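Student: Take a look at work.cif, mmCIF, C-alpha atoms:
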data_start
#
loop_
_atom_site.label_atom_id
_atom_site.label_comp_id
_atom_site.auth_asym_id
_atom_site.auth_seq_id
_atom_site.Cartn_x
_atom_site.Cartn_y
_atom_site.Cartn_z
CA MET A 1 76.55 1.51 5.51
CA ASN A 2 79.73 -0.05 4.21
CA VAL A 3 82.10 2.34 2.54
CA ASN A 4 85.68 1.60 1.63
CA PHE A 5 87.85 4.55 2.42
CA ASN A 6 91.45 4.72 1.30
CA LYS A 7 94.14 5.56 3.81
CA ARG A 8 96.00 8.28 1.95
CA ASP A 9 93.39 10.90 1.10
CA PRO A 10 91.99 13.13 3.82
CA LEU A 11 89.16 11.18 5.37
CA TYR A 12 86.81 14.15 5.64
CA GLU A 13 87.10 14.68 1.85
CA GLN A 14 86.25 11.04 1.25
CA VAL A 15 83.21 11.37 3.49
CA VAL A 16 82.02 14.47 1.62
CA ARG A 17 82.53 12.65 -1.65
CA HIS A 18 80.52 9.68 -0.37
CA PHE A 19 77.62 12.06 0.35
CA LYS A 20 77.96 13.67 -3.07
CA GLU A 21 77.74 10.28 -4.74
CA GLU A 22 74.57 9.52 -2.83
CA ILE A 23 73.14 12.90 -3.80
CA ALA A 24 74.03 12.42 -7.47
CA ALA A 25 72.55 8.92 -7.44
CA GLY A 26 69.38 10.19 -5.81
CA THR A 27 69.76 7.92 -2.77
CA LEU A 28 69.55 11.03 -0.63
CA VAL A 29 66.56 13.22 -1.38
CA PRO A 30 66.37 17.02 -1.00
CA GLY A 31 65.49 18.08 2.53
CA GLN A 32 66.22 14.62 3.96
CA GLU A 33 67.63 14.46 7.47
CA VAL A 34 71.26 13.35 7.64
CA PRO A 35 72.60 11.23 10.53
CA SER A 36 74.04 13.06 13.51
CA ARG A 37 77.79 13.45 13.68
CA ARG A 38 77.95 10.57 16.17
CA GLU A 39 75.68 8.29 14.14
CA LEU A 40 77.74 8.99 11.04
CA ALA A 41 81.00 8.21 12.84
CA ASN A 42 79.46 4.99 14.10
CA GLN A 43 78.03 3.92 10.74
CA LEU A 44 81.22 4.63 8.82
CA LYS A 45 83.52 3.53 11.66
CA ILE A 46 85.46 6.75 11.56
CA ASN A 47 86.71 9.27 14.08
CA PRO A 48 83.87 11.53 15.31
CA ASN A 49 86.03 14.65 14.94
CA THR A 50 86.48 13.76 11.27
CA ALA A 51 82.74 13.26 10.83
CA GLN A 52 82.28 16.70 12.36
CA ARG A 53 84.77 18.20 9.93
CA ALA A 54 83.04 16.56 6.95
CA TYR A 55 79.73 18.10 8.03
CA LYS A 56 81.35 21.49 8.47
CA GLU A 57 82.73 21.26 4.95
CA MET A 58 79.35 20.21 3.56
CA GLU A 59 77.68 23.07 5.38
CA GLU A 60 80.17 25.52 3.86
CA GLN A 61 79.45 24.10 0.41
CA GLY A 62 75.74 24.55 1.05
CA LEU A 63 75.02 20.82 0.79
CA ILE A 64 73.45 20.56 4.23
CA TYR A 65 71.90 23.12 6.55
CA THR A 66 71.10 23.16 10.23
CA GLU A 67 68.25 25.08 11.80
CA SER A 68 68.71 25.76 15.49
CA ASN A 69 68.40 22.64 17.64
CA SER A 70 67.18 20.34 14.92
CA PRO A 71 69.07 17.69 12.97
CA SER A 72 70.97 18.77 9.85
CA LYS A 73 69.17 18.29 6.57
CA LEU A 74 70.17 18.00 2.96
CA THR A 75 69.61 21.23 1.05
CA LYS A 76 66.55 21.64 -1.18
CA ASP A 77 68.41 24.06 -3.44
CA GLN A 78 68.23 22.36 -6.85
CA SER A 79 71.05 24.42 -8.32
CA ILE A 80 73.46 23.12 -5.64
CA LEU A 81 72.21 19.54 -5.97
CA GLY A 82 72.42 19.66 -9.75
CA ALA A 83 75.94 21.03 -9.55
CA VAL A 84 76.99 17.97 -7.52
CA GLN A 85 76.13 15.61 -10.35
CA ASP A 86 77.92 17.86 -12.86
CA GLU A 87 80.96 18.02 -10.60
CA LEU A 88 81.24 14.23 -10.22
CA LEU A 89 80.66 13.71 -13.93
CA GLU A 90 83.24 16.31 -14.87
CA GLU A 91 85.77 14.71 -12.53
CA ALA A 92 85.15 11.19 -13.83
CA VAL A 93 85.31 12.25 -17.46
CA SER A 94 88.53 14.20 -17.08
CA SER A 95 90.27 11.34 -15.31
CA PHE A 96 88.97 9.01 -18.04
CA VAL A 97 90.31 11.31 -20.75
CA THR A 98 93.68 11.58 -19.01
CA ALA A 99 93.87 7.80 -18.85
CA ILE A 100 92.80 7.23 -22.44
CA ARG A 101 94.81 9.99 -24.20
CA PRO A 102 98.20 8.23 -24.27
CA ILE A 103 96.64 5.23 -26.03
CA ARG A 104 95.67 7.40 -29.06
CA VAL A 105 92.48 5.59 -29.95
CA PRO A 106 90.14 7.16 -32.55
CA PHE A 107 87.32 9.08 -30.88
CA ASP A 108 84.56 7.07 -32.59
CA LYS A 109 85.98 3.81 -31.31
CA ILE A 110 85.95 5.16 -27.75
CA ILE A 111 82.34 6.27 -28.06
CA GLY A 112 81.37 2.86 -29.38
CA LEU A 113 83.12 1.13 -26.50
CA ILE A 114 81.47 3.40 -23.95
CA LYS A 115 78.03 2.61 -25.38
CA GLU A 116 78.73 -1.12 -25.28
CA LYS A 117 80.11 -1.07 -21.75
CA TYR A 118 77.23 1.08 -20.56
CA ALA A 119 74.68 -1.36 -21.94
CA VAL A 120 76.41 -4.31 -20.27
CA GLU A 121 76.58 -2.59 -16.88
CA GLU A 122 72.96 -1.52 -17.06
CA LYS A 123 71.91 -5.06 -17.83
CA GLU A 124 73.96 -6.39 -14.91
CA GLU A 125 72.41 -3.86 -12.59
CA LYS A 126 68.91 -4.98 -13.60
CA ASN A 127 69.83 -8.61 -12.98
CA ASP A 128 71.07 -7.85 -9.48
CA MET B 1 95.22 17.96 28.20
CA ILE B 2 97.79 15.41 29.29
CA GLU B 3 101.34 16.73 28.99
CA VAL B 4 104.20 14.31 29.21
CA LYS B 5 107.48 16.15 29.65
CA GLY B 6 110.90 14.60 29.36
CA LEU B 7 110.21 11.30 31.09
CA THR B 8 113.23 9.13 31.75
CA LYS B 9 113.17 5.76 33.41
CA LYS B 10 115.73 3.08 34.09
CA PHE B 11 115.17 -0.53 34.98
CA GLY B 12 118.47 -1.35 36.62
CA ARG B 13 121.07 -0.24 34.11
CA LYS B 14 118.68 -0.41 31.18
CA LYS B 15 117.28 2.94 30.08
CA VAL B 16 113.72 2.31 28.99
CA LEU B 17 112.52 5.89 28.56
CA LYS B 18 115.08 8.42 27.37
CA GLY B 19 113.20 11.70 27.55
CA ILE B 20 109.65 11.09 26.32
CA SER B 21 107.56 14.19 25.63
CA PHE B 22 104.16 14.48 23.95
CA THR B 23 100.68 15.81 24.58
CA ALA B 24 97.24 14.25 24.34
CA ASN B 25 94.15 16.44 24.06
CA LYS B 26 90.72 16.00 25.54
CA GLY B 27 88.17 14.98 22.90
CA GLU B 28 90.85 13.25 20.88
CA ILE B 29 92.18 9.72 20.48
CA THR B 30 95.95 9.64 20.70
CA CYS B 31 97.70 6.46 19.66
CA ILE B 32 101.15 5.51 20.92
CA ILE B 33 102.71 3.16 18.40
CA GLY B 34 105.89 1.16 18.75
CA ILE B 35 107.03 -2.42 18.53
CA ASN B 36 107.05 -4.64 21.62
CA GLY B 37 109.35 -3.66 24.42
CA VAL B 38 109.94 0.01 23.53
CA GLY B 39 108.33 1.30 26.71
CA LYS B 40 104.70 1.94 25.74
CA THR B 41 103.25 0.34 28.85
CA THR B 42 105.89 2.01 31.02
CA ILE B 43 104.75 5.39 29.68
CA LEU B 44 101.14 4.66 30.67
CA ASN B 45 102.29 3.42 34.08
CA ALA B 46 104.32 6.59 34.51
CA ILE B 47 101.36 8.82 33.59
CA MET B 48 99.30 7.03 36.23
CA ASN B 49 102.13 7.29 38.75
CA LEU B 50 102.18 3.51 39.07
CA THR B 51 105.91 3.37 38.56
CA PRO B 52 108.55 5.85 39.76
CA VAL B 53 110.40 7.76 37.03
CA ASN B 54 113.97 9.05 37.17
CA SER B 55 113.16 12.49 35.78
CA GLY B 56 110.49 14.42 33.92
CA GLU B 57 106.89 15.12 34.81
CA VAL B 58 103.31 14.52 33.76
CA LEU B 59 100.64 17.21 33.95
CA ILE B 60 96.93 16.50 33.70
CA ASP B 61 95.02 19.70 32.91
CA GLY B 62 98.06 21.57 34.17
CA GLU B 63 98.29 19.70 37.48
CA LYS B 64 100.60 17.01 38.76
CA ILE B 65 98.93 13.71 39.49
CA SER B 66 97.66 13.34 43.06
CA LYS B 67 95.35 10.96 44.88
CA THR B 68 92.32 12.90 43.64
CA SER B 69 93.43 12.54 40.00
CA TYR B 70 92.09 9.01 39.89
CA GLU B 71 88.59 10.40 39.68
CA LYS B 72 89.71 12.16 36.51
CA ILE B 73 91.88 9.65 34.72
CA THR B 74 91.79 5.89 34.55
CA PHE B 75 93.96 3.10 33.21
CA ILE B 76 92.62 0.06 31.38
CA PRO B 77 95.45 -2.47 31.54
CA ASP B 78 95.84 -5.42 29.21
CA THR B 79 95.79 -7.83 32.11
CA MET B 80 93.01 -8.52 34.59
CA THR B 81 93.54 -6.74 37.87
CA MET B 82 90.40 -7.98 39.61
CA LEU B 83 90.49 -11.06 41.80
CA PRO B 84 89.98 -14.16 39.65
CA GLY B 85 87.38 -15.51 42.05
CA PHE B 86 85.14 -12.47 41.53
CA ARG B 87 82.07 -12.57 39.40
CA ILE B 88 81.63 -9.58 37.05
CA GLU B 89 78.98 -8.14 39.40
CA GLN B 90 81.42 -8.30 42.32
CA ALA B 91 84.06 -6.53 40.27
CA MET B 92 81.52 -3.79 39.53
CA GLN B 93 80.66 -3.55 43.22
CA PHE B 94 84.37 -3.24 43.99
CA MET B 95 84.66 -0.31 41.56
CA GLN B 96 81.56 1.33 43.03
CA ASP B 97 83.03 1.05 46.53
CA PHE B 98 86.28 2.73 45.53
CA TYR B 99 85.34 5.33 42.90
CA GLN B 100 82.91 8.23 43.20
CA THR B 101 82.79 8.49 39.44
CA TRP B 102 81.53 4.94 38.96
CA ASN B 103 78.44 5.04 36.76
CA GLN B 104 76.36 1.87 37.20
CA LYS B 105 73.93 2.87 34.47
CA ARG B 106 76.74 3.06 31.97
CA ALA B 107 78.20 -0.21 33.28
CA ASP B 108 74.86 -1.96 32.68
CA GLU B 109 74.73 -0.48 29.20
CA LEU B 110 78.23 -1.82 28.51
CA LEU B 111 77.31 -5.27 29.81
CA GLY B 112 74.58 -5.39 27.19
CA PHE B 113 76.77 -3.90 24.51
CA PHE B 114 79.51 -6.47 25.04
CA LYS B 115 76.98 -9.27 25.68
CA LEU B 116 78.52 -10.17 29.04
CA GLU B 117 76.72 -11.97 31.86
CA LYS B 118 77.26 -10.34 35.22
CA THR B 119 77.18 -13.67 37.02
CA ASP B 120 80.16 -14.95 35.02
CA LYS B 121 83.28 -15.66 36.98
CA ILE B 122 86.31 -13.62 35.93
CA SER B 123 88.70 -16.56 35.97
CA ALA B 124 86.45 -18.43 33.53
CA LEU B 125 86.34 -15.68 30.88
CA SER B 126 87.92 -16.04 27.45
CA LYS B 127 90.72 -13.65 26.52
CA GLY B 128 88.38 -11.50 24.45
CA ASN B 129 85.79 -11.31 27.22
CA THR B 130 88.48 -10.52 29.79
CA ALA B 131 89.49 -7.55 27.64
CA LYS B 132 85.85 -6.48 27.42
CA VAL B 133 85.40 -6.66 31.20
CA ASN B 134 88.52 -4.52 31.60
CA LEU B 135 87.10 -1.99 29.15
CA LEU B 136 83.76 -2.06 30.93
CA LEU B 137 85.34 -1.36 34.32
CA GLY B 138 87.27 1.59 32.88
CA LEU B 139 84.65 3.07 30.58
CA ALA B 140 81.96 3.04 33.28
CA LEU B 141 83.94 5.60 35.22
CA ASP B 142 82.93 9.18 34.41
CA VAL B 143 86.50 10.32 33.97
CA ASP B 144 87.93 12.81 31.48
CA TYR B 145 90.89 10.72 30.43
CA LEU B 146 91.26 7.05 29.59
CA LEU B 147 94.50 5.19 29.03
CA MET B 148 94.18 1.85 27.28
CA ASP B 149 97.03 -0.57 26.99
CA GLU B 150 96.85 -2.69 23.82
CA PRO B 151 93.05 -2.94 23.70
CA PHE B 152 93.20 -4.94 20.47
CA SER B 153 96.02 -7.39 20.99
CA GLY B 154 95.13 -11.04 20.73
CA ILE B 155 91.44 -10.28 20.29
CA ASP B 156 89.29 -12.04 17.69
CA ILE B 157 87.90 -10.02 14.79
CA PHE B 158 84.33 -9.71 16.06
CA SER B 159 85.44 -8.60 19.51
CA ARG B 160 87.73 -6.11 17.78
CA GLU B 161 84.77 -4.74 15.87
CA GLN B 162 82.82 -4.36 19.10
CA ILE B 163 85.71 -2.55 20.73
CA THR B 164 86.15 -0.32 17.67
CA ALA B 165 82.48 0.59 17.87
CA VAL B 166 83.14 1.91 21.38
CA PHE B 167 85.54 4.46 19.93
CA THR B 168 82.91 6.03 17.73
CA SER B 169 80.21 6.00 20.40
CA HIS B 170 79.07 8.35 23.16
CA LEU B 171 81.12 6.22 25.58
CA ILE B 172 84.24 8.04 24.43
CA GLU B 173 82.68 11.35 23.45
CA ASN B 174 84.55 14.41 24.73
CA ARG B 175 87.04 12.32 26.64
CA GLY B 176 90.75 12.24 26.03
CA VAL B 177 91.99 8.78 25.14
CA ILE B 178 95.50 7.41 24.89
CA ILE B 179 95.85 3.92 23.47
CA THR B 180 98.97 1.92 22.82
CA THR B 181 99.20 -0.54 19.99
CA HIS B 182 101.60 -2.17 17.60
CA GLU B 183 98.95 -2.92 15.00
CA ILE B 184 97.40 0.13 13.48
CA ASN B 185 95.87 -1.15 10.27
CA ASP B 186 92.17 -1.30 10.96
CA ILE B 187 92.08 1.67 13.32
CA GLU B 188 93.79 4.26 11.09
CA HIS B 189 90.49 6.02 10.51
CA LEU B 190 89.60 6.13 14.18
CA ILE B 191 92.49 8.02 15.67
CA ASP B 192 93.29 11.72 15.78
CA LYS B 193 96.89 11.74 16.74
CA VAL B 194 99.86 9.40 16.49
CA VAL B 195 102.99 9.27 18.63
CA LEU B 196 105.69 7.00 17.21
CA ILE B 197 108.07 5.59 19.79
CA ASP B 198 111.24 3.58 19.46
CA GLU B 199 113.99 2.77 21.93
CA GLY B 200 112.60 5.10 24.57
CA ILE B 201 112.30 8.26 22.44
CA VAL B 202 109.51 9.90 20.46
CA LEU B 203 110.45 9.67 16.79
CA ARG B 204 107.47 11.60 15.51
CA GLU B 205 104.22 13.08 16.78
CA PHE B 206 101.57 13.96 14.19
CA ASN B 207 97.92 14.38 13.39
CA ALA B 208 96.70 11.55 11.14
CA GLU B 209 94.27 13.61 9.06
CA GLN B 210 96.79 16.42 8.63
CA VAL B 211 99.40 14.03 7.24
CA ARG B 212 96.84 12.64 4.80
CA GLU B 213 95.89 16.15 3.76
CA GLU B 214 99.32 17.76 3.53
CA GLU B 215 101.51 14.84 2.53
CA GLY B 216 99.07 12.35 1.02
CA LYS B 217 100.40 9.68 3.35
CA SER B 218 98.72 7.07 5.46
CA VAL B 219 99.76 6.44 9.06
CA VAL B 220 101.47 3.24 7.91
CA ASP B 221 103.37 5.23 5.23
CA VAL B 222 104.75 7.53 7.92
CA MET B 223 105.61 4.55 10.12
CA ARG B 224 107.62 3.01 7.29
CA GLU B 225 109.56 6.25 6.82
CA VAL B 226 110.24 6.62 10.49
CA PHE B 227 110.90 3.05 11.56
CA GLN B 228 112.66 1.77 8.42
CA PRO B 229 114.54 4.71 6.95
#
Kindly return the structure encoded in the file as structure tokens.
Tutor:
Amino acid sequence: MNVNFNKRDPLYEQVVRHFKEEIAAGTLVPGQEVPSRRELANQLKINPNTAQRAYKEMEEQGLIYTESNSPSKLTKDQSILGAVQDELLEEAVSSFVTAIRPIRVPFDKIIGLIKEKYAVEEKEEKND
Amino acid sequence: MIEVKGLTKKFGRKKVLKGISFTANKGEITCIIGINGVGKTTILNAIMNLTPVNSGEVLIDGEKISKTSYEKITFIPDTMTMLPGFRIEQAMQFMQDFYQTWNQKRADELLGFFKLEKTDKISALSKGNTAKVNLLLGLALDVDYLLMDEPFSGIDIFSREQITAVFTSHLIENRGVIITTHEINDIEHLIDKVVLIDEGIVLREFNAEQVREEEGKSVVDVMREVFQP
């Protein structure tokens, strides 16, 4: 696992976000076991206490659950999993809108550009 | 917890430590950062009672260091302290003879991890492998606290990666670690706590994640503020 973390945002938040992206993308499936705190720290090359904190946060958000003495697993609750995708989408769109507003481009032009860009990226992904 | 309280130390007329105080917790990695010659190694030597100090004290779990403390805390220096004529296996035997906490199973595991041959002669090791042998000899002791002096300096990138991997592994788990360094860049995400030192005083002591969370700053950002105001 190779993730680029930035050095200014809290690391545990970046780890949670990394998991959310994998959930939204479907790389992680409902009920799947997640690595132990130590394995995660090792894979991501981060401090184990931070990995622990990220898991605590995810547990509080209901993203993972732990039954006594067994490894933590990703939740099977579809409403929580669905909300993750909505949350990431909402975030991305609002930062996009904030970035695009000052340029004052007609709405239709933006939509057209998005469609074009989307098609190109999809094609590139298939070629990979 | 290791508590360093008001350490002062003179070499001749030169004051090297001018009242150093900080704490390092068990289960955390504390990083002492400062440029060369500000007294980082002297602090570690003072914690280990390897050099006399002029005033101040060091407490390990509330107790002053004594001859039994060396089964509880160990120092991994940045120079080889074993006889150059030793092979790695003889160095391990030496440790076993002198320390009750020596854990041969862990030492063997580390040999494999660092890809070292136990029949290799210490004097013939590269700089990177010398550092790894030093780490091996320290980490194979079942002690609660580890002090490491510049574990990354002058080490090639792949050896660095191996050493970094140690920090996220069970080899460090639940232990208290103090490392000194002057290059923080690729270990920012590994450390819990930072102690910035210059000219023999502590300029700032902070938790890395807390500074990211509350101030949106990286460790290097804080270093810039503190060292180059």
Student: Would you be able to write out as a list in words which residues have an atom within 12 Å of (92.6, 8.7, 43.6) in the file's coordinates, counting only C-alpha atoms?
Tutor: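 Protein and nucleic acid residues near the point are Met48, Asn49, Leu50, Ile65, Ser66, Lys67, Thr68, Ser69, Tyr70, Glu71, Lys72, Ile73, Thr74, Phe75, Phe98, Tyr99, Gln100, Thr101 and Val143 of chain B.
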Student: Please identify every residue of chain A that has at least one atom no more than 8 Å from any atom of chain B, counting only C-alpha atoms, and report them as an mmCIF file with C-alpha atoms, in the frame of the given file.
Tutor:
data_model
loop_
_atom_site.group_PDB
_atom_site.id
_atom_site.type_symbol
_atom_site.label_atom_id
_atom_site.label_comp_id
_atom_site.auth_asym_id
_atom_site.auth_seq_id
_atom_site.Cartn_x
_atom_site.Cartn_y
_atom_site.Cartn_z
ATOM 1 C CA LYS A 7 94.140 5.560 3.810
ATOM 2 C CA ARG A 8 96.000 8.280 1.950
ATOM 3 C CA ASP A 9 93.390 10.900 1.100
ATOM 4 C CA PRO A 10 91.990 13.130 3.820
ATOM 5 C CA LEU A 11 89.160 11.180 5.370
ATOM 6 C CA ARG A 38 77.950 10.570 16.170
ATOM 7 C CA ALA A 41 81.000 8.210 12.840
ATOM 8 C CA ASN A 42 79.460 4.990 14.100
ATOM 9 C CA LYS A 45 83.520 3.530 11.660
ATOM 10 C CA ILE A 46 85.460 6.750 11.560
ATOM 11 C CA ASN A 47 86.710 9.270 14.080
ATOM 12 C CA PRO A 48 83.870 11.530 15.310
ATOM 13 C CA ASN A 49 86.030 14.650 14.940
#
Student: Atom CA of Ser123 of chain B and atom CA of Leu137 of chain B, how far apart in Å?
Tutor: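 Distance between the two atoms: 15.7 Å.
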Student: Since I can't run it myself right now, could you work out what the PyMOL selection byres ((chain A and resi 62) around 10) selects here and report it as an MDAnalysis selection string?
Tutor: chainID A and resid 56:61 63:65 74:77 80:81
Student: What does the distance between atom CA of Gly6 of chain B and atom CA of Pro151 of chain B come to in Å, to one decimal place?
Tutor: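 Straight-line distance from atom CA of Gly6 of chain B to atom CA of Pro151 of chain B works out to 25.7 Å.
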Student: Taking the file above as input, evaluate the PyMOL selection byres ((chain A and resi 19) around 12) and report the hits as a ChimeraX atom specification.
Tutor: /A:1,3,12-18,20-29,34-35,40,44,51,54-55,57-58,63-64,74,81,84-85,88
Student: Let me know the residues the PyMOL selection byres ((chain B and resi 111) around 12) catches in the file above, as a short mmCIF file (atom, residue, chain, number, x, y, z; two decimals) with C-alpha atoms, in the coordinates of the input.
Tutor:
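Contents of selection27.cif, as written:
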data_model
loop_
_atom_site.label_atom_id
_atom_site.label_comp_id
_atom_site.auth_asym_id
_atom_site.auth_seq_id
_atom_site.Cartn_x
_atom_site.Cartn_y
_atom_site.Cartn_z
CA ILE B 88 81.63 -9.58 37.05
CA GLU B 89 78.98 -8.14 39.40
CA MET B 92 81.52 -3.79 39.53
CA GLN B 104 76.36 1.87 37.20
CA LYS B 105 73.93 2.87 34.47
CA ARG B 106 76.74 3.06 31.97
CA ALA B 107 78.20 -0.21 33.28
CA ASP B 108 74.86 -1.96 32.68
CA GLU B 109 74.73 -0.48 29.20
CA LEU B 110 78.23 -1.82 28.51
CA GLY B 112 74.58 -5.39 27.19
CA PHE B 113 76.77 -3.90 24.51
CA PHE B 114 79.51 -6.47 25.04
CA LYS B 115 76.98 -9.27 25.68
CA LEU B 116 78.52 -10.17 29.04
CA GLU B 117 76.72 -11.97 31.86
CA LYS B 118 77.26 -10.34 35.22
CA THR B 119 77.18 -13.67 37.02
CA ASP B 120 80.16 -14.95 35.02
CA ASN B 129 85.79 -11.31 27.22
CA LYS B 132 85.85 -6.48 27.42
CA VAL B 133 85.40 -6.66 31.20
CA ASN B 134 88.52 -4.52 31.60
CA LEU B 135 87.10 -1.99 29.15
CA LEU B 136 83.76 -2.06 30.93
CA LEU B 137 85.34 -1.36 34.32
CA LEU B 139 84.65 3.07 30.58
CA ALA B 140 81.96 3.04 33.28
#
Student: How many Å separate atom CA of Ala24 of chain B from atom CA of Asn54 of chain B?
Tutor: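 Answer for the atom CA of Ala24 of chain B to atom CA of Asn54 of chain B separation: 21.7 Å.
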Student: Report as number ranges by chain all protein, DNA and RNA residues lying within 7 Å of Gly200 of chain B, evaluated on all atoms listed in the file, omitting residues in the same chain fewer than 6 positions from it.
Tutor: B: 16-18, 20, 38-39
Student: Save out the residues we just selected, C-alpha atoms, as a compact mmCIF listing (two decimals), keeping the file's coordinate frame.
Tutor:
# COMPACT_ATOMS: atom_id res chain seq x y z
CA VAL B 16 113.72 2.31 28.99
CA LEU B 17 112.52 5.89 28.56
CA LYS B 18 115.08 8.42 27.37
CA ILE B 20 109.65 11.09 26.32
CA VAL B 38 109.94 0.01 23.53
CA GLY B 39 108.33 1.30 26.71
Student: Using all atoms listed in the file, can you list as a short mmCIF file (atom, residue, chain, number, x, y, z; two decimals) with C-alpha atoms, in the frame of the given file the residues within 9 Å of (101.8, 6.8, 28.8)?
Tutor:
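The result, written out as result36.cif:
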data_model
loop_
_atom_site.label_atom_id
_atom_site.label_comp_id
_atom_site.auth_asym_id
_atom_site.auth_seq_id
_atom_site.Cartn_x
_atom_site.Cartn_y
_atom_site.Cartn_z
CA VAL B 4 104.20 14.31 29.21
CA ILE B 32 101.15 5.51 20.92
CA GLY B 39 108.33 1.30 26.71
CA LYS B 40 104.70 1.94 25.74
CA THR B 41 103.25 0.34 28.85
CA THR B 42 105.89 2.01 31.02
CA ILE B 43 104.75 5.39 29.68
CA LEU B 44 101.14 4.66 30.67
CA ASN B 45 102.29 3.42 34.08
CA ALA B 46 104.32 6.59 34.51
CA ILE B 47 101.36 8.82 33.59
CA MET B 48 99.30 7.03 36.23
CA LEU B 147 94.50 5.19 29.03
CA ASP B 149 97.03 -0.57 26.99
CA ILE B 178 95.50 7.41 24.89
CA ILE B 179 95.85 3.92 23.47
CA THR B 180 98.97 1.92 22.82
#
Student: Between B:Arg204, B:His182, B:Lys10, B:Arg224, which has the minimum distance to Ile33 of chain B (counting all atoms listed in the file)?
Tutor: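 That would be B:His182, the residue with the smallest distance to Ile33 of chain B.
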Student: Smallest atom-to-atom distance to Glu225 of chain B: which of B:Gln162, B:Leu196, B:Gly85, B:Ser55, using only C-alpha atoms?
Tutor: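 When distances to Glu225 of chain B are compared using only C-alpha atoms, the smallest one comes from B:Leu196.
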